[in-house]
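Engineer: Sharing data_20.cif below, mmCIF, C-alpha atoms; chains and numbers go by the auth columns:
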```cif
data_protein
loop_
_atom_site.group_PDB
_atom_site.id
_atom_site.type_symbol
_atom_site.label_atom_id
_atom_site.label_comp_id
_atom_site.label_asym_id
_atom_site.label_seq_id
_atom_site.Cartn_x
_atom_site.Cartn_y
_atom_site.Cartn_z
_atom_site.B_iso_or_equiv
_atom_site.auth_seq_id
_atom_site.auth_asym_id
ATOM 1 C CA MET A 1 47.264 -51.017 -32.048 0.00 1 A
ATOM 2 C CA ILE A 2 48.129 -48.019 -29.859 0.00 2 A
ATOM 3 C CA TRP A 3 49.467 -46.065 -32.857 0.00 3 A
ATOM 4 C CA LYS A 4 46.326 -46.767 -34.836 0.00 4 A
ATOM 5 C CA THR A 5 44.133 -45.497 -31.975 0.00 5 A
ATOM 6 C CA PHE A 6 46.381 -42.443 -31.568 0.00 6 A
ATOM 7 C CA PHE A 7 46.175 -41.763 -35.317 0.00 7 A
ATOM 8 C CA TRP A 8 42.362 -41.798 -35.336 0.00 8 A
ATOM 9 C CA LEU A 9 42.212 -39.661 -32.205 0.00 9 A
ATOM 10 C CA VAL A 10 44.438 -37.034 -33.834 0.00 10 A
ATOM 11 C CA CYS A 11 42.302 -37.123 -37.006 0.00 11 A
ATOM 12 C CA ALA A 12 39.127 -36.618 -34.985 0.00 12 A
ATOM 13 C CA VAL A 13 40.595 -33.653 -33.091 0.00 13 A
ATOM 14 C CA LEU A 14 41.790 -32.050 -36.333 0.00 14 A
ATOM 15 C CA ALA A 15 38.407 -32.574 -37.989 0.00 15 A
ATOM 16 C CA LEU A 16 36.589 -30.968 -35.075 0.00 16 A
ATOM 17 C CA GLY A 17 38.990 -28.048 -35.196 0.00 17 A
ATOM 18 C CA LEU A 18 38.253 -27.486 -38.874 0.00 18 A
ATOM 19 C CA VAL A 19 34.455 -27.572 -38.664 0.00 19 A
ATOM 20 C CA GLY A 20 33.591 -26.568 -35.127 0.00 20 A
ATOM 21 C CA CYS A 21 33.903 -23.393 -33.104 0.00 21 A
ATOM 22 C CA SER A 22 35.212 -21.280 -35.954 0.00 22 A
ATOM 23 C CA GLU A 23 34.907 -17.547 -35.512 0.00 23 A
ATOM 24 C CA PRO A 24 34.875 -15.103 -38.398 0.00 24 A
ATOM 25 C CA LYS A 25 38.011 -13.154 -39.140 0.00 25 A
ATOM 26 C CA THR A 26 38.105 -9.706 -40.678 0.00 26 A
ATOM 27 C CA THR A 27 39.443 -11.250 -43.877 0.00 27 A
ATOM 28 C CA ASP A 28 36.380 -13.559 -44.025 0.00 28 A
ATOM 29 C CA MET A 29 34.086 -10.540 -44.104 0.00 29 A
ATOM 30 C CA VAL A 30 35.947 -8.409 -46.671 0.00 30 A
ATOM 31 C CA GLY A 31 34.221 -8.449 -50.053 0.00 31 A
ATOM 32 C CA THR A 32 30.876 -7.905 -51.723 0.00 32 A
ATOM 33 C CA TRP A 33 27.739 -9.327 -50.127 0.00 33 A
ATOM 34 C CA ASP A 34 24.436 -9.748 -51.981 0.00 34 A
ATOM 35 C CA LEU A 35 20.935 -10.468 -50.707 0.00 35 A
ATOM 36 C CA THR A 36 19.887 -14.066 -51.394 0.00 36 A
ATOM 37 C CA ALA A 37 17.001 -14.771 -53.754 0.00 37 A
ATOM 38 C CA SER A 38 15.125 -16.554 -50.951 0.00 38 A
ATOM 39 C CA SER A 39 15.226 -13.380 -48.836 0.00 39 A
ATOM 40 C CA ALA A 40 13.501 -11.344 -51.546 0.00 40 A
ATOM 41 C CA ARG A 41 10.115 -12.683 -50.405 0.00 41 A
ATOM 42 C CA TYR A 42 10.363 -10.400 -47.358 0.00 42 A
ATOM 43 C CA LEU A 43 10.698 -7.262 -49.481 0.00 43 A
ATOM 44 C CA PRO A 44 7.580 -5.166 -50.059 0.00 44 A
ATOM 45 C CA PRO A 45 6.255 -4.925 -53.651 0.00 45 A
ATOM 46 C CA ASN A 46 7.806 -1.486 -54.182 0.00 46 A
ATOM 47 C CA MET A 47 11.265 -3.017 -53.580 0.00 47 A
ATOM 48 C CA ALA A 48 10.816 -6.136 -55.714 0.00 48 A
ATOM 49 C CA GLY A 49 13.386 -5.092 -58.333 0.00 49 A
ATOM 50 C CA ILE A 50 16.216 -3.880 -56.095 0.00 50 A
ATOM 51 C CA SER A 51 19.585 -5.585 -55.720 0.00 51 A
ATOM 52 C CA PRO A 52 20.782 -4.917 -52.173 0.00 52 A
ATOM 53 C CA ARG A 53 24.543 -5.015 -51.745 0.00 53 A
ATOM 54 C CA LEU A 54 27.130 -4.472 -49.031 0.00 54 A
ATOM 55 C CA VAL A 55 30.784 -3.898 -49.884 0.00 55 A
ATOM 56 C CA LEU A 56 33.104 -4.402 -46.918 0.00 56 A
ATOM 57 C CA SER A 57 36.640 -3.083 -47.407 0.00 57 A
ATOM 58 C CA ALA A 58 39.751 -4.321 -45.611 0.00 58 A
ATOM 59 C CA ASP A 59 40.283 -0.824 -44.180 0.00 59 A
ATOM 60 C CA GLY A 60 37.002 -1.023 -42.224 0.00 60 A
ATOM 61 C CA HIS A 61 34.852 0.991 -44.622 0.00 61 A
ATOM 62 C CA VAL A 62 31.432 -0.164 -45.826 0.00 62 A
ATOM 63 C CA THR A 63 29.322 0.913 -48.779 0.00 63 A
ATOM 64 C CA ALA A 64 25.651 -0.071 -48.769 0.00 64 A
ATOM 65 C CA THR A 65 23.417 0.059 -51.824 0.00 65 A
ATOM 66 C CA ASN A 66 19.645 -0.360 -51.461 0.00 66 A
ATOM 67 C CA LEU A 67 20.024 -1.977 -48.039 0.00 67 A
ATOM 68 C CA PRO A 68 16.488 -2.973 -46.972 0.00 68 A
ATOM 69 C CA GLY A 69 15.649 -2.915 -43.329 0.00 69 A
ATOM 70 C CA SER A 70 13.078 -2.895 -40.582 0.00 70 A
ATOM 71 C CA PHE A 71 14.015 0.557 -39.393 0.00 71 A
ATOM 72 C CA HIS A 72 12.340 2.565 -36.644 0.00 72 A
ATOM 73 C CA GLY A 73 11.219 -0.484 -34.656 0.00 73 A
ATOM 74 C CA SER A 74 9.164 -2.075 -37.430 0.00 74 A
ATOM 75 C CA LEU A 75 9.083 -5.880 -37.737 0.00 75 A
ATOM 76 C CA ASP A 76 8.803 -5.704 -41.527 0.00 76 A
ATOM 77 C CA VAL A 77 10.973 -4.189 -44.237 0.00 77 A
ATOM 78 C CA VAL A 78 9.823 -0.598 -44.516 0.00 78 A
ATOM 79 C CA GLU A 79 12.742 1.324 -46.011 0.00 79 A
ATOM 80 C CA ARG A 80 15.970 1.001 -47.893 0.00 80 A
ATOM 81 C CA PHE A 81 19.239 2.781 -47.330 0.00 81 A
ATOM 82 C CA SER A 82 22.316 3.600 -49.397 0.00 82 A
ATOM 83 C CA GLY A 83 25.398 5.146 -47.857 0.00 83 A
ATOM 84 C CA LYS A 84 28.924 4.791 -46.535 0.00 84 A
ATOM 85 C CA GLY A 85 30.360 4.180 -43.119 0.00 85 A
ATOM 86 C CA SER A 86 32.449 1.733 -41.118 0.00 86 A
ATOM 87 C CA TRP A 87 32.180 -1.885 -40.060 0.00 87 A
ATOM 88 C CA SER A 88 33.637 -4.179 -37.413 0.00 88 A
ATOM 89 C CA ILE A 89 33.074 -7.627 -35.913 0.00 89 A
ATOM 90 C CA ILE A 90 31.619 -7.547 -32.405 0.00 90 A
ATOM 91 C CA THR A 91 30.338 -10.063 -29.876 0.00 91 A
ATOM 92 C CA LYS A 92 26.845 -9.299 -28.576 0.00 92 A
ATOM 93 C CA ASP A 93 24.827 -11.641 -26.368 0.00 93 A
ATOM 94 C CA GLY A 94 27.395 -14.376 -27.056 0.00 94 A
ATOM 95 C CA ARG A 95 26.991 -14.128 -30.845 0.00 95 A
ATOM 96 C CA GLN A 96 29.398 -12.839 -33.456 0.00 96 A
ATOM 97 C CA GLN A 97 27.888 -9.891 -35.293 0.00 97 A
ATOM 98 C CA LEU A 98 28.818 -7.449 -37.989 0.00 98 A
ATOM 99 C CA GLN A 99 28.425 -3.899 -36.660 0.00 99 A
ATOM 100 C CA LEU A 100 27.635 -1.338 -39.367 0.00 100 A
ATOM 101 C CA ASN A 101 27.882 2.380 -38.586 0.00 101 A
ATOM 102 C CA PHE A 102 26.722 4.684 -41.346 0.00 102 A
ATOM 103 C CA ASP A 103 27.955 8.260 -41.613 0.00 103 A
ATOM 104 C CA GLY A 104 25.393 10.635 -40.141 0.00 104 A
ATOM 105 C CA ALA A 105 22.570 8.120 -40.225 0.00 105 A
ATOM 106 C CA TYR A 106 22.336 5.021 -38.064 0.00 106 A
ATOM 107 C CA GLY A 107 23.976 1.776 -37.060 0.00 107 A
ATOM 108 C CA THR A 108 22.801 -1.806 -37.223 0.00 108 A
ATOM 109 C CA GLN A 109 24.066 -5.334 -36.611 0.00 109 A
ATOM 110 C CA PHE A 110 23.880 -8.491 -38.709 0.00 110 A
ATOM 111 C CA ASP A 111 24.406 -11.928 -37.199 0.00 111 A
ATOM 112 C CA ILE A 112 27.358 -13.792 -38.709 0.00 112 A
ATOM 113 C CA ALA A 113 26.709 -17.464 -39.413 0.00 113 A
ATOM 114 C CA ASN A 114 28.919 -20.220 -40.763 0.00 114 A
ATOM 115 C CA ASP A 115 26.624 -22.403 -42.848 0.00 115 A
ATOM 116 C CA GLY A 116 28.531 -25.486 -43.982 0.00 116 A
ATOM 117 C CA GLY A 117 31.782 -23.561 -44.358 0.00 117 A
ATOM 118 C CA ALA A 118 30.230 -20.534 -46.080 0.00 118 A
ATOM 119 C CA TRP A 119 29.821 -17.302 -44.128 0.00 119 A
ATOM 120 C CA LYS A 120 26.418 -15.606 -44.207 0.00 120 A
ATOM 121 C CA LEU A 121 25.144 -12.315 -42.815 0.00 121 A
ATOM 122 C CA ARG A 122 21.638 -12.384 -41.340 0.00 122 A
ATOM 123 C CA ASP A 123 19.322 -9.522 -40.471 0.00 123 A
ATOM 124 C CA PHE A 124 16.391 -11.009 -38.547 0.00 124 A
ATOM 125 C CA LEU A 125 12.961 -9.464 -38.934 0.00 125 A
ATOM 126 C CA GLY A 126 11.429 -9.740 -35.486 0.00 126 A
ATOM 127 C CA ASP A 127 11.979 -12.871 -33.405 0.00 127 A
ATOM 128 C CA PRO A 128 14.823 -15.053 -34.781 0.00 128 A
ATOM 129 C CA ASP A 129 12.764 -18.143 -33.849 0.00 129 A
ATOM 130 C CA GLU A 130 10.322 -17.165 -36.625 0.00 130 A
ATOM 131 C CA HIS A 131 13.139 -17.587 -39.208 0.00 131 A
ATOM 132 C CA ARG A 132 12.184 -14.379 -41.041 0.00 132 A
ATOM 133 C CA LYS A 133 15.495 -12.954 -42.151 0.00 133 A
ATOM 134 C CA LEU A 134 17.278 -11.038 -44.817 0.00 134 A
ATOM 135 C CA GLU A 135 20.329 -13.136 -45.638 0.00 135 A
ATOM 136 C CA TYR A 136 23.441 -12.041 -47.506 0.00 136 A
ATOM 137 C CA VAL A 137 26.098 -14.224 -49.118 0.00 137 A
ATOM 138 C CA LYS A 138 29.469 -13.287 -50.523 0.00 138 A
ATOM 139 C CA ALA A 139 29.386 -12.617 -54.241 0.00 139 A
ATOM 140 C CA THR A 140 31.436 -15.044 -56.288 0.00 140 A
ATOM 141 C CA GLY A 141 31.917 -12.937 -59.391 0.00 141 A
ATOM 142 C CA PRO A 142 32.953 -9.372 -60.161 0.00 142 A
#
```
As structure tokens, what does this structure read like?

Structural biologist:
Amino acid sequence: MIWKTFFWLVCAVLALGLVGCSEPKTTDMVGTWDLTASSARYLPPNMAGISPRLVLSADGHVTATNLPGSFHGSLDVVERFSGKGSWSIITKDGRQQLQLNFDGAYGTQFDIANDGGAWKLRDFLGDPDEHRKLEYVKATGP
């Protein structure tokens, strides 16, 4: 009876370790990230046909293509940006974030979320409680 209880206790601890409290590693972030189809509703009409993409390299470099954003203090998407720079994982206000620094331009942060085992990058438009966000997922193909 004691061994059976011990067995289930160990299983529970292992299960919690696999699904809870996981923090992103650099290797989790490396790859190509594309804007989700559901985020496209927040793009203005003149950006309806773009395919925003972030490519994060293992050496800390980032390439952004048609990255939409709420630049200059706006709460809506007002511009798009393409360029190169660097990236890193930071902790800000108790949250894991992806810090992007673009050469000669600007820097921004995306929240990093683990949604059912899949990492997502989120750029909130205004108050996060309003759930208006541009969300990126890792591309599965070439």

Engineer: Can you pull out the residues contacting Trp119 in chain A? Cut-off 12 Å, using only C-alpha atoms, and skip same-chain residues under 3 positions away; I want them as a PDB file with C-alpha atoms, in the frame of the given file.

Structural biologist:
```pdb
ATOM      1  CA  SER A  22      35.212 -21.280 -35.954  1.00  0.00           C
ATOM      2  CA  GLU A  23      34.907 -17.547 -35.512  1.00  0.00           C
ATOM      3  CA  PRO A  24      34.875 -15.103 -38.398  1.00  0.00           C
ATOM      4  CA  LYS A  25      38.011 -13.154 -39.140  1.00  0.00           C
ATOM      5  CA  THR A  26      38.105  -9.706 -40.678  1.00  0.00           C
ATOM      6  CA  THR A  27      39.443 -11.250 -43.877  1.00  0.00           C
ATOM      7  CA  ASP A  28      36.380 -13.559 -44.025  1.00  0.00           C
ATOM      8  CA  MET A  29      34.086 -10.540 -44.104  1.00  0.00           C
ATOM      9  CA  VAL A  30      35.947  -8.409 -46.671  1.00  0.00           C
ATOM     10  CA  GLY A  31      34.221  -8.449 -50.053  1.00  0.00           C
ATOM     11  CA  TRP A  33      27.739  -9.327 -50.127  1.00  0.00           C
ATOM     12  CA  GLN A  96      29.398 -12.839 -33.456  1.00  0.00           C
ATOM     13  CA  GLN A  97      27.888  -9.891 -35.293  1.00  0.00           C
ATOM     14  CA  LEU A  98      28.818  -7.449 -37.989  1.00  0.00           C
ATOM     15  CA  PHE A 110      23.880  -8.491 -38.709  1.00  0.00           C
ATOM     16  CA  ASP A 111      24.406 -11.928 -37.199  1.00  0.00           C
ATOM     17  CA  ILE A 112      27.358 -13.792 -38.709  1.00  0.00           C
ATOM     18  CA  ALA A 113      26.709 -17.464 -39.413  1.00  0.00           C
ATOM     19  CA  ASN A 114      28.919 -20.220 -40.763  1.00  0.00           C
ATOM     20  CA  ASP A 115      26.624 -22.403 -42.848  1.00  0.00           C
ATOM     21  CA  GLY A 116      28.531 -25.486 -43.982  1.00  0.00           C
ATOM     22  CA  ARG A 122      21.638 -12.384 -41.340  1.00  0.00           C
ATOM     23  CA  GLU A 135      20.329 -13.136 -45.638  1.00  0.00           C
ATOM     24  CA  TYR A 136      23.441 -12.041 -47.506  1.00  0.00           C
ATOM     25  CA  VAL A 137      26.098 -14.224 -49.118  1.00  0.00           C
ATOM     26  CA  LYS A 138      29.469 -13.287 -50.523  1.00  0.00           C
ATOM     27  CA  ALA A 139      29.386 -12.617 -54.241  1.00  0.00           C
TER      28      ALA A 139
END
```

Engineer: Using only C-alpha atoms, give me every residue within 9 Å of (31.0, -3.2, -48.0) in file coordinates, as a compact mmCIF listing (two decimals) with C-alpha atoms, in the coordinates of the input.

Structural biologist:
```txt
# COMPACT_ATOMS: atom_id res chain seq x y z
CA MET A 29 34.09 -10.54 -44.10
CA VAL A 30 35.95 -8.41 -46.67
CA GLY A 31 34.22 -8.45 -50.05
CA THR A 32 30.88 -7.90 -51.72
CA TRP A 33 27.74 -9.33 -50.13
CA ARG A 53 24.54 -5.01 -51.74
CA LEU A 54 27.13 -4.47 -49.03
CA VAL A 55 30.78 -3.90 -49.88
CA LEU A 56 33.10 -4.40 -46.92
CA SER A 57 36.64 -3.08 -47.41
CA GLY A 60 37.00 -1.02 -42.22
CA HIS A 61 34.85 0.99 -44.62
CA VAL A 62 31.43 -0.16 -45.83
CA THR A 63 29.32 0.91 -48.78
CA ALA A 64 25.65 -0.07 -48.77
CA LYS A 84 28.92 4.79 -46.54
CA GLY A 85 30.36 4.18 -43.12
CA SER A 86 32.45 1.73 -41.12
CA TRP A 87 32.18 -1.88 -40.06
```

Engineer: So, counting all atoms listed in the file, which residue among A:Lys133, A:Asp123, A:Ala118, A:Arg95 is closest to Arg41 in chain A?

Structural biologist: A:Lys133

Engineer: Go through A:Ser51, A:Ser82, A:Ser88, A:Thr65 one by one, measure the shortest atom-to-atom distance of each to Leu100 in chain A using all atoms listed in the file, and give the residue with the smallest value.

Structural biologist: A:Ser88

Engineer: Rounded to one decimal, what separation in Å do you get between CA of Gly94 in chain A and CA of Ala37 in chain A?

Structural biologist: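 Value for the CA of Gly94 in chain A-CA of Ala37 in chain A distance: 28.7 Å.
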
Engineer: Please, what distance in Å, to one decimal, runs between CA of Leu134 in chain A and CA of Asp76 in chain A?

Structural biologist: 10.5 Å

Engineer: Using all atoms listed in the file, find the one residue out of A:Pro52, A:Ser38, A:Ser70, A:Asp93 that sits nearest to Phe124 in chain A.

Structural biologist: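 Looking only at the distances to Phe124 in chain A, the closest residue turns out to be A:Ser70.
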
Engineer: Could you give me the centre and size, in Å to one decimal, of an axis-aligned box around all listed atoms of range 33-51 of chain A with 6 Å added on every side, as AutoDock Vina command-line options?

Structural biologist:
```
--center_x 17.0 --center_y -9.0 --center_z -52.8 --size_x 33.5 --size_y 27.1 --size_z 23.0
```

Engineer: Selection in question (the file shown): the PyMOL selection byres ((chain A and resi 79) around 8). Which residues does it include, as a PyMOL selection string?

Structural biologist: chain A and resi 68-71+77-78+80-81
